[in-house]
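Pasting my_file.txt here (compact mmCIF, C-alpha atoms and all ligand atoms):
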# COMPACT_ATOMS: atom_id res chain seq x y z
CA MET H 155 -3.04 -30.63 -15.47
CA SER H 156 -5.15 -31.32 -18.53
CA ARG H 157 -5.59 -28.21 -20.68
CA LYS H 158 -8.49 -29.86 -22.51
CA PHE H 159 -10.72 -29.90 -19.46
CA ILE H 160 -13.71 -27.59 -20.03
CA ARG H 161 -15.71 -26.42 -17.04
CA ASN H 162 -19.48 -26.31 -16.45
CA ASP H 163 -19.58 -22.71 -17.74
CA GLY H 164 -17.28 -23.29 -20.70
CA ARG H 165 -14.13 -21.89 -19.08
CA LYS H 166 -10.61 -23.24 -19.31
CA PRO H 167 -9.10 -24.18 -15.90
CA GLU H 168 -7.01 -21.00 -15.63
CA GLU H 169 -9.74 -18.56 -16.65
CA LEU H 170 -11.54 -16.08 -14.40
CA ARG H 171 -15.31 -16.01 -14.66
CA ARG H 172 -16.98 -14.04 -17.44
CA PRO H 173 -17.70 -11.25 -17.16
CA TYR H 174 -14.98 -10.13 -14.80
CA LYS H 175 -15.72 -6.44 -14.35
CA ILE H 176 -14.33 -3.63 -12.24
CA LYS H 177 -15.95 -0.21 -11.93
CA LEU H 178 -14.87 2.71 -9.75
CA GLY H 179 -16.97 5.51 -8.27
CA VAL H 180 -20.31 3.70 -8.24
CA VAL H 181 -21.55 5.38 -5.01
CA PRO H 182 -21.42 9.17 -5.48
CA ARG H 183 -21.87 10.12 -1.81
CA ALA H 184 -19.12 7.81 -0.53
CA ASN H 185 -15.53 9.05 -0.42
CA GLY H 186 -14.56 6.11 -2.60
CA SER H 187 -16.34 3.12 -4.09
CA ALA H 188 -15.99 0.19 -6.44
CA LEU H 189 -17.97 -2.66 -7.92
CA VAL H 190 -16.49 -6.05 -8.75
CA GLN H 191 -18.35 -8.65 -10.74
CA SER H 192 -17.03 -12.15 -11.28
CA GLY H 193 -19.62 -14.09 -13.26
CA LYS H 194 -22.77 -14.12 -11.14
CA THR H 195 -21.04 -12.78 -8.03
CA ILE H 196 -21.46 -9.02 -7.62
CA VAL H 197 -20.02 -7.00 -4.73
CA MET H 198 -20.03 -3.28 -4.03
CA ALA H 199 -17.59 -1.51 -1.72
CA ALA H 200 -18.08 1.97 -0.27
CA VAL H 201 -15.50 3.82 1.82
CA TYR H 202 -16.31 6.65 4.23
CA GLY H 203 -13.44 8.54 5.82
CA PRO H 204 -10.95 9.28 7.16
CA LYS H 205 -13.48 10.82 9.56
CA LYS H 206 -14.11 11.59 13.22
CA VAL H 207 -14.24 8.47 15.41
CA ILE H 208 -17.61 7.81 17.01
CA PRO H 209 -17.65 6.63 19.80
CA LYS H 210 -14.59 8.74 20.69
CA HIS H 211 -13.06 6.21 23.12
CA LEU H 212 -12.20 4.00 20.10
CA GLU H 213 -9.88 6.72 18.77
CA ASP H 214 -6.18 5.83 18.33
CA GLN H 215 -3.74 8.72 18.85
CA GLU H 216 -1.15 7.09 16.57
CA LYS H 217 -3.21 5.90 13.61
CA ALA H 218 -6.57 5.52 11.92
CA ILE H 219 -8.86 2.66 12.84
CA LEU H 220 -10.07 0.54 9.93
CA ARG H 221 -13.56 -0.95 10.21
CA CYS H 222 -15.01 -3.35 7.63
CA ARG H 223 -18.54 -4.61 7.39
CA TYR H 224 -19.22 -7.45 4.96
CA ASN H 225 -22.90 -8.15 4.39
CA MET H 226 -24.88 -10.37 2.01
CA ILE H 227 -28.21 -8.86 1.05
CA THR H 228 -31.26 -11.06 1.63
CA PHE H 229 -31.91 -11.76 -2.04
CA SER H 230 -28.26 -12.23 -3.03
CA VAL H 231 -28.82 -15.99 -3.01
CA LYS H 232 -31.65 -18.21 -4.30
CA ASP H 233 -32.66 -19.36 -0.82
CA ARG H 234 -33.42 -16.07 0.91
CA LYS H 235 -30.64 -15.26 3.40
CA LYS H 236 -31.72 -14.30 6.89
CA PRO H 237 -30.95 -10.57 7.17
CA GLY H 238 -28.54 -9.16 9.71
CA PRO H 239 -25.12 -10.05 11.07
CA ASP H 240 -24.00 -13.63 11.62
CA LYS H 241 -20.80 -15.47 12.51
CA ARG H 242 -19.76 -15.94 8.87
CA SER H 243 -20.14 -12.22 8.05
CA ALA H 244 -18.22 -11.24 11.19
CA GLU H 245 -15.38 -13.62 10.25
CA ILE H 246 -15.20 -12.38 6.66
CA SER H 247 -15.27 -8.72 7.80
CA LYS H 248 -12.32 -9.42 10.11
CA LEU H 249 -10.35 -11.28 7.41
CA ILE H 250 -10.76 -8.41 4.98
CA GLU H 251 -9.90 -5.84 7.65
CA ASN H 252 -6.71 -7.75 8.50
CA ALA H 253 -5.70 -8.09 4.85
CA LEU H 254 -6.23 -4.38 4.17
CA SER H 255 -4.35 -3.24 7.27
CA ASN H 256 -1.19 -4.52 5.53
CA VAL H 257 -1.45 -1.89 2.79
CA VAL H 258 -3.38 1.09 4.17
CA MET H 259 -1.00 3.69 5.67
CA LEU H 260 -3.05 4.09 8.83
CA GLU H 261 -0.39 6.16 10.60
CA GLU H 262 -1.02 8.96 8.06
CA TYR H 263 -4.47 9.51 9.60
CA PRO H 264 -4.25 9.50 13.42
CA ARG H 265 -7.46 9.90 15.49
CA THR H 266 -9.72 9.02 12.54
CA ALA H 267 -11.85 6.13 11.35
CA ILE H 268 -12.00 4.62 7.88
CA ASP H 269 -15.22 2.65 7.38
CA ILE H 270 -15.62 0.15 4.54
CA TYR H 271 -19.03 -1.28 3.71
CA LEU H 272 -19.03 -4.39 1.53
CA GLU H 273 -22.41 -5.35 0.17
CA VAL H 274 -22.83 -8.63 -1.67
CA ILE H 275 -25.57 -7.86 -4.19
CA GLN H 276 -25.50 -11.34 -5.74
CA ALA H 277 -23.62 -14.39 -4.51
CA ASP H 278 -22.41 -17.37 -6.53
CA ALA H 279 -19.28 -18.26 -4.49
CA GLY H 280 -16.13 -16.20 -4.17
CA THR H 281 -17.79 -13.26 -2.43
CA ARG H 282 -15.01 -12.68 0.12
CA VAL H 283 -12.33 -12.45 -2.57
CA ALA H 284 -14.47 -10.15 -4.74
CA ALA H 285 -15.17 -8.03 -1.63
CA LEU H 286 -11.45 -7.71 -0.84
CA THR H 287 -10.63 -6.82 -4.45
CA ALA H 288 -13.38 -4.16 -4.39
CA ALA H 289 -12.33 -2.85 -0.96
CA SER H 290 -8.77 -1.96 -1.93
CA LEU H 291 -10.07 -0.23 -5.07
CA ALA H 292 -12.63 1.77 -3.09
CA LEU H 293 -9.87 2.86 -0.69
CA ALA H 294 -7.74 3.99 -3.62
CA ASP H 295 -10.76 5.76 -5.09
CA ALA H 296 -11.15 7.59 -1.75
CA GLY H 297 -7.56 8.84 -2.17
CA ILE H 298 -6.35 7.02 0.96
CA ALA H 299 -2.59 6.45 1.10
CA MET H 300 -1.75 2.82 0.40
CA LYS H 301 1.39 0.80 -0.27
CA ASP H 302 -0.33 -1.22 -2.99
CA LEU H 303 -3.69 -2.58 -4.10
CA ILE H 304 -4.80 -6.08 -3.11
CA PRO H 305 -6.06 -8.38 -5.86
CA SER H 306 -7.84 -11.46 -4.56
CA THR H 307 -9.36 -14.60 -6.05
CA ALA H 308 -9.81 -18.26 -5.21
CA ALA H 309 -8.43 -21.37 -6.87
CA GLY H 310 -9.08 -24.99 -6.12
CA ARG H 311 -9.71 -28.50 -7.36
CA VAL H 312 -12.89 -29.67 -9.05
CA ASN H 313 -13.28 -33.27 -10.25
CA GLY H 314 -9.52 -33.73 -10.03
CA HIS H 315 -8.64 -30.58 -12.02
CA ILE H 316 -6.92 -27.49 -10.63
CA VAL H 317 -9.08 -24.49 -11.54
CA LEU H 318 -9.31 -20.74 -10.97
CA ASP H 319 -12.22 -18.71 -9.54
CA LEU H 320 -14.73 -21.46 -8.68
CA ASN H 321 -18.44 -20.78 -9.12
CA LYS H 322 -21.01 -22.14 -6.65
CA GLU H 323 -21.79 -25.26 -8.68
CA GLU H 324 -18.07 -26.10 -8.76
CA GLU H 325 -17.64 -25.35 -5.07
CA ASP H 326 -20.49 -27.75 -4.29
CA VAL H 327 -18.92 -30.72 -6.15
CA GLU H 328 -18.05 -33.53 -3.77
CA ASP H 329 -14.33 -33.47 -2.82
CA ALA H 330 -13.93 -29.95 -4.22
CA ILE H 331 -11.20 -27.78 -2.74
CA ASP H 332 -11.62 -24.02 -2.54
CA LEU H 333 -8.71 -21.81 -1.54
CA PRO H 334 -9.46 -18.08 -1.23
CA PHE H 335 -6.19 -16.18 -1.69
CA ALA H 336 -4.80 -12.65 -1.80
CA TYR H 337 -1.33 -11.20 -1.96
CA ILE H 338 0.36 -7.83 -2.25
CA PRO H 339 1.90 -7.84 -5.74
CA SER H 340 4.79 -5.46 -4.95
CA THR H 341 6.02 -7.42 -1.90
CA LYS H 342 4.55 -10.88 -2.63
CA GLU H 343 3.22 -10.93 0.95
CA VAL H 344 0.28 -13.32 1.29
CA VAL H 345 -2.55 -11.55 3.15
CA LEU H 346 -5.38 -14.07 2.76
CA LEU H 347 -5.17 -17.84 2.59
CA GLN H 348 -7.97 -20.16 3.60
CA MET H 349 -8.90 -23.62 2.42
CA ASP H 350 -11.93 -25.89 2.37
CA GLY H 351 -11.26 -29.57 1.65
CA ILE H 352 -8.36 -31.99 1.94
CA ALA H 353 -5.32 -31.90 -0.35
CA ASP H 354 -1.69 -32.95 -0.30
CA ILE H 355 1.06 -30.36 -0.18
CA GLU H 356 1.96 -30.59 -3.93
CA GLU H 357 -1.65 -29.99 -4.82
CA ILE H 358 -1.89 -27.04 -2.45
CA GLU H 359 1.22 -25.52 -4.04
CA GLU H 360 -0.28 -25.96 -7.49
CA ILE H 361 -3.55 -24.34 -6.35
CA ILE H 362 -1.67 -21.39 -4.83
CA GLU H 363 0.28 -20.91 -8.08
CA MET H 364 -3.03 -20.84 -9.96
CA ALA H 365 -4.48 -18.32 -7.47
CA LYS H 366 -1.40 -16.08 -7.83
CA LYS H 367 -1.75 -16.02 -11.62
CA GLY H 368 -5.42 -15.09 -11.18
CA CYS H 369 -4.46 -12.30 -8.79
CA ASP H 370 -1.94 -10.96 -11.32
CA LYS H 371 -4.68 -10.74 -13.97
CA ILE H 372 -7.00 -8.97 -11.51
CA TYR H 373 -4.20 -6.58 -10.48
CA GLU H 374 -3.79 -5.52 -14.12
CA MET H 375 -7.54 -4.80 -14.29
CA GLN H 376 -7.40 -2.87 -11.00
CA ILE H 377 -4.57 -0.66 -12.30
CA LYS H 378 -6.40 -0.15 -15.60
CA ALA H 379 -9.59 0.94 -13.79
CA ILE H 380 -7.63 3.47 -11.70
CA LYS H 381 -5.78 4.79 -14.75
CA GLU H 382 -9.03 5.16 -16.65
CA LYS H 383 -10.53 7.31 -13.88
CA TYR H 384 -7.42 9.15 -12.67
CA GLY H 385 -5.06 8.89 -15.64
CA SER H 386 -4.86 12.64 -16.18
CA TYR H 387 -3.94 13.24 -12.51
CA LEU H 388 -1.34 10.46 -12.53
CA GLU H 389 0.45 12.03 -15.49
CA GLU H 390 0.81 15.45 -13.78
N1 LIG H 401 -24.07 -18.89 0.56
C1 LIG H 401 -25.45 -18.93 0.72
N2 LIG H 401 -25.98 -18.54 1.93
C2 LIG H 401 -25.20 -18.12 2.97
C3 LIG H 401 -23.81 -18.10 2.80
C4 LIG H 401 -23.27 -18.49 1.57
O1 LIG H 401 -26.17 -19.30 -0.20
O2 LIG H 401 -25.73 -17.77 4.04
C5 LIG H 401 -23.51 -19.28 -0.75
C6 LIG H 401 -23.13 -18.04 -1.57
O3 LIG H 401 -23.37 -18.28 -2.94
C7 LIG H 401 -21.65 -17.94 -1.30
C8 LIG H 401 -21.28 -19.41 -1.32
O4 LIG H 401 -22.33 -20.04 -0.60
O5 LIG H 401 -20.97 -17.17 -2.28
C9 LIG H 401 -19.97 -19.77 -0.72
O6 LIG H 401 -19.88 -19.29 0.59
P1 LIG H 401 -18.53 -19.24 1.38
O7 LIG H 401 -18.88 -19.16 2.84
O8 LIG H 401 -17.62 -20.32 0.93
O9 LIG H 401 -17.91 -17.81 1.01
P2 LIG H 401 -17.50 -17.15 -0.40
O10 LIG H 401 -17.03 -18.26 -1.33
O11 LIG H 401 -18.71 -16.46 -0.93
O12 LIG H 401 -16.41 -16.21 -0.04
Using the file provided, produce a representation of the structure as structure tokens.
Amino acid sequence: MSRKFIRNDGRKPEELRRPYKIKLGVVPRANGSALVQSGKTIVMAAVYGPKKVIPKHLEDQEKAILRCRYNMITFSVKDRKKPGPDKRSAEISKLIENALSNVVMLEEYPRTAIDIYLEVIQADAGTRVAALTAASLALADAGIAMKDLIPSTAAGRVNGHIVLDLNKEEEDVEDAIDLPFAYIPSTKEVVLLQMDGIADIEEIEEIIEMAKKGCDKIYEMQIKAIKEKYGSYLEE
């Protein structure tokens, strides 16, 4: 991989977008919330619960039910997005729900629901990975028992170069590969792996390695954000 390659926004291949920002507690009425910004992509997560399950027949006697709703607001993209649910949003909601169910200790909260609302305020690619990163932070902010946080980012190939955290212009390059990825840092369990494009196995391995390094950087920022808000409690 050439280290001299400079991307359309001035980044080196292994750099996350600028700014990469994490903020906790952005929605005062929610039990927990977080905002993640990666360049021009901005996602907010708000967690409500554990709370009573409505409708009651969905209640699980053994554990909490986790419900995610990913949504892109109409003006999050240049071409106005048709409001309301669609197949893509339903798929992304499910992916995020599945990833999170690997870390949330649902059995601690039987007969309750934990609802996670993920609102994409602005989209420039990488919204599902920003949403997952924000979701695990919002759950932690809500004080929900978890085995670990989940950092998530994408990596891929643009014009023959392996790169981290693709923006929309990069994603739209012909032959580009985009691989959204997430893993649990403490166990190394992969909880999200998708891929657009065609690549050989060596290339895929290289892209995954790049995504893991990106996740490690994001994980450090996630921990820092939690320490900044709850540091005094953690030291007790
Ligand atoms: N996008 C759009 N309209 C849509 C869906 C997506 O303009 O209805 C754009 C948006 O910028 C999004 C990008 O396409 O971030 C890539 O979408 P993809 O489905 O690959 O998901 P993402 O990369 O956001 O997780």
Return as a short mmCIF file (atom, residue, chain, number, x, y, z; two decimals) with C-alpha atoms, in the coordinates of the input the residues of protein, DNA or RNA that approach ligand LIG 401 (chain H) to within 9 Å, with all atoms listed in the file taken into account.
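The resulting file, out_33.cif, is shown below:
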data_model
loop_
_atom_site.label_atom_id
_atom_site.label_comp_id
_atom_site.auth_asym_id
_atom_site.auth_seq_id
_atom_site.Cartn_x
_atom_site.Cartn_y
_atom_site.Cartn_z
CA THR H 195 -21.04 -12.78 -8.03
CA MET H 226 -24.88 -10.37 2.01
CA SER H 230 -28.26 -12.23 -3.03
CA VAL H 231 -28.82 -15.99 -3.01
CA LYS H 232 -31.65 -18.21 -4.30
CA ASP H 233 -32.66 -19.36 -0.82
CA ARG H 234 -33.42 -16.07 0.91
CA LYS H 235 -30.64 -15.26 3.40
CA LYS H 236 -31.72 -14.30 6.89
CA ASP H 240 -24.00 -13.63 11.62
CA ARG H 242 -19.76 -15.94 8.87
CA SER H 243 -20.14 -12.22 8.05
CA ILE H 246 -15.20 -12.38 6.66
CA VAL H 274 -22.83 -8.63 -1.67
CA GLN H 276 -25.50 -11.34 -5.74
CA ALA H 277 -23.62 -14.39 -4.51
CA ASP H 278 -22.41 -17.37 -6.53
CA ALA H 279 -19.28 -18.26 -4.49
CA GLY H 280 -16.13 -16.20 -4.17
CA THR H 281 -17.79 -13.26 -2.43
CA ARG H 282 -15.01 -12.68 0.12
CA VAL H 283 -12.33 -12.45 -2.57
CA ALA H 284 -14.47 -10.15 -4.74
CA ALA H 285 -15.17 -8.03 -1.63
CA ALA H 308 -9.81 -18.26 -5.21
CA LEU H 320 -14.73 -21.46 -8.68
CA ASN H 321 -18.44 -20.78 -9.12
CA LYS H 322 -21.01 -22.14 -6.65
CA GLU H 325 -17.64 -25.35 -5.07
CA ASP H 326 -20.49 -27.75 -4.29
CA ASP H 332 -11.62 -24.02 -2.54
CA PRO H 334 -9.46 -18.08 -1.23
CA ASP H 350 -11.93 -25.89 2.37
#
message: Taking (-9.7, 6.3, 9.2) in the coordinates of the supplied file, I want to know which residues reach to within 9 Å of it, counting only C-alpha atoms; could you give the answer as number ranges by chain?
response: H: 202-207, 217-221, 260, 263-269, 298
query: Which one of H:Leu170, H:Glu343, H:Leu189, H:Glu262 sits closest to Asp214 in chain H if you count all atoms listed in the file?
result: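 With all atoms listed in the file as the atom set, the closest residue is H:Glu262.
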Mind listing as a PDB file with C-alpha atoms, in the frame of the given file all residues within 9 Å of (-23.6, -0.8, 3.6), counting all atoms listed in the file?
ATOM      1  CA  MET H 198     -20.030  -3.280  -4.030  1.00  0.00           C
ATOM      2  CA  ALA H 199     -17.590  -1.510  -1.720  1.00  0.00           C
ATOM      3  CA  ALA H 200     -18.080   1.970  -0.270  1.00  0.00           C
ATOM      4  CA  ARG H 223     -18.540  -4.610   7.390  1.00  0.00           C
ATOM      5  CA  TYR H 224     -19.220  -7.450   4.960  1.00  0.00           C
ATOM      6  CA  ASN H 225     -22.900  -8.150   4.390  1.00  0.00           C
ATOM      7  CA  ILE H 270     -15.620   0.150   4.540  1.00  0.00           C
ATOM      8  CA  TYR H 271     -19.030  -1.280   3.710  1.00  0.00           C
ATOM      9  CA  LEU H 272     -19.030  -4.390   1.530  1.00  0.00           C
ATOM     10  CA  GLU H 273     -22.410  -5.350   0.170  1.00  0.00           C
TER      11      GLU H 273
END
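Across the model, the gap from CA of Val344 in chain H to CA of Asn185 in chain H is 27.4 Å.
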field: Two-atom distance - CA of Lys371 in chain H, CA of Gly179 in chain H (Å)
entry: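 Computed distance, CA of Lys371 in chain H to CA of Gly179 in chain H, equals 21.2 Å.
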query: Mind pulling up the distance from CA of Lys166 in chain H to CA of Arg311 in chain H?
result: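 According to the coordinates, CA of Arg311 in chain H and CA of Lys166 in chain H are separated by 13.1 Å.
If you measure from each of H:Ser306, H:Thr341, H:Asn313, H:Gln348 to Asp370 in chain H using all atoms listed in the file, the closest one turns out to be H:Ser306.
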- prompt: Which residues, written as a PyMOL selection string, have at least one atom at most 6 Å from Ala365 in chain H, with only C-alpha atoms counted and residues fewer than 2 positions away on the same chain left out?
  reply: chain H and resi 308-309+362-363+367-368
message: Just want the 7 Å neighbourhood of Leu178 in chain H, counted on all atoms listed in the file, with same-chain residues fewer than 5 positions away dropped. Output as JSON, numbers by chain.
response: {"H": [187, 188, 189, 295, 379]}
Nearest-residue call for Lys194 in chain H, choices H:Ala244, H:Pro182, H:Pro173, H:Ala336, using only C-alpha atoms: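 Under the stated criterion, the closest residue is H:Pro173.
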Report, as AutoDock Vina command-line options, the axis-aligned box around all atoms of range 233-249 of chain H present in the file, extended by 8 Å on each side; give centre and edge lengths in Å to one decimal place.
--center_x -21.9 --center_y -14.0 --center_z 5.8 --size_x 39.1 --size_y 26.6 --size_z 29.3
message: Could you list, as a ChimeraX atom specification, every residue within 12 Å of His315 in chain H, counting only C-alpha atoms and ignoring same-chain residues fewer than 5 positions away?
response: /H:155-161,166-168,309-310,320,324,327,329-332,357,360-361,364
Could I get range 336-347 of chain H from the block written as a short mmCIF file (atom, residue, chain, number, x, y, z; two decimals), in the first residue's frame, with all heavy atoms?
data_model
loop_
_atom_site.label_atom_id
_atom_site.label_comp_id
_atom_site.auth_asym_id
_atom_site.auth_seq_id
_atom_site.Cartn_x
_atom_site.Cartn_y
_atom_site.Cartn_z
N ALA H 336 -17.54 -4.04 12.39
CA ALA H 336 -17.55 -3.74 13.83
C ALA H 336 -17.09 -4.97 14.58
O ALA H 336 -17.39 -6.09 14.17
CB ALA H 336 -18.95 -3.36 14.30
N TYR H 337 -16.34 -4.76 15.65
CA TYR H 337 -15.99 -5.89 16.50
C TYR H 337 -15.97 -5.48 17.96
O TYR H 337 -16.00 -4.29 18.28
CB TYR H 337 -14.72 -6.59 16.03
CG TYR H 337 -13.38 -6.00 16.41
CD1 TYR H 337 -12.30 -6.88 16.63
CD2 TYR H 337 -13.15 -4.64 16.55
CE1 TYR H 337 -11.04 -6.39 16.96
CE2 TYR H 337 -11.90 -4.16 16.90
CZ TYR H 337 -10.85 -5.04 17.10
OH TYR H 337 -9.62 -4.56 17.43
N ILE H 338 -16.02 -6.51 18.82
CA ILE H 338 -16.00 -6.25 20.26
C ILE H 338 -14.54 -6.30 20.69
O ILE H 338 -13.91 -7.36 20.63
CB ILE H 338 -16.83 -7.33 21.02
CG1 ILE H 338 -18.26 -7.39 20.45
CG2 ILE H 338 -16.83 -7.06 22.51
CD1 ILE H 338 -19.10 -8.55 20.98
N PRO H 339 -13.96 -5.17 21.08
CA PRO H 339 -12.52 -5.15 21.34
C PRO H 339 -12.03 -6.16 22.38
O PRO H 339 -10.99 -6.78 22.20
CB PRO H 339 -12.27 -3.71 21.81
CG PRO H 339 -13.36 -2.93 21.15
CD PRO H 339 -14.56 -3.83 21.16
N SER H 340 -12.82 -6.40 23.44
CA SER H 340 -12.32 -7.30 24.50
C SER H 340 -12.32 -8.76 24.09
O SER H 340 -11.54 -9.55 24.61
CB SER H 340 -13.17 -7.11 25.77
OG SER H 340 -14.53 -7.29 25.45
N THR H 341 -13.20 -9.15 23.14
CA THR H 341 -13.25 -10.57 22.75
C THR H 341 -12.82 -10.79 21.29
O THR H 341 -12.67 -11.92 20.86
CB THR H 341 -14.70 -11.11 22.89
OG1 THR H 341 -15.54 -10.35 21.99
CG2 THR H 341 -15.22 -10.97 24.31
N LYS H 342 -12.69 -9.70 20.56
CA LYS H 342 -12.33 -9.73 19.13
C LYS H 342 -13.44 -10.35 18.26
O LYS H 342 -13.20 -10.71 17.10
CB LYS H 342 -11.01 -10.49 18.87
CG LYS H 342 -9.84 -10.07 19.74
CD LYS H 342 -9.28 -8.75 19.31
CE LYS H 342 -8.13 -8.30 20.18
NZ LYS H 342 -8.17 -6.90 20.55
N GLU H 343 -14.61 -10.52 18.84
CA GLU H 343 -15.74 -11.06 18.07
C GLU H 343 -16.21 -10.06 17.02
O GLU H 343 -16.49 -8.90 17.37
CB GLU H 343 -16.91 -11.24 19.04
CG GLU H 343 -17.39 -12.63 19.29
CD GLU H 343 -18.46 -12.57 20.36
OE1 GLU H 343 -18.15 -12.15 21.50
OE2 GLU H 343 -19.60 -12.90 20.04
N VAL H 344 -16.32 -10.50 15.79
CA VAL H 344 -16.81 -9.61 14.72
C VAL H 344 -18.35 -9.61 14.77
O VAL H 344 -18.97 -10.67 14.73
CB VAL H 344 -16.30 -10.09 13.34
CG1 VAL H 344 -16.89 -9.26 12.21
CG2 VAL H 344 -14.77 -10.04 13.31
N VAL H 345 -18.94 -8.43 14.87
CA VAL H 345 -20.40 -8.36 15.00
C VAL H 345 -21.07 -7.65 13.82
O VAL H 345 -22.29 -7.58 13.74
CB VAL H 345 -20.83 -7.71 16.34
CG1 VAL H 345 -20.50 -8.62 17.50
CG2 VAL H 345 -20.19 -6.34 16.53
N LEU H 346 -20.26 -7.11 12.91
CA LEU H 346 -20.81 -6.54 11.67
C LEU H 346 -19.76 -6.68 10.58
O LEU H 346 -18.61 -6.27 10.77
CB LEU H 346 -21.16 -5.05 11.85
CG LEU H 346 -21.56 -4.31 10.56
CD1 LEU H 346 -22.93 -4.75 10.07
CD2 LEU H 346 -21.58 -2.80 10.78
N LEU H 347 -20.15 -7.27 9.48
CA LEU H 347 -19.25 -7.37 8.33
C LEU H 347 -20.10 -7.47 7.07
O LEU H 347 -20.84 -8.43 6.90
CB LEU H 347 -18.33 -8.59 8.46
CG LEU H 347 -17.04 -8.56 7.63
CD1 LEU H 347 -16.04 -9.56 8.17
CD2 LEU H 347 -17.24 -8.81 6.16
#
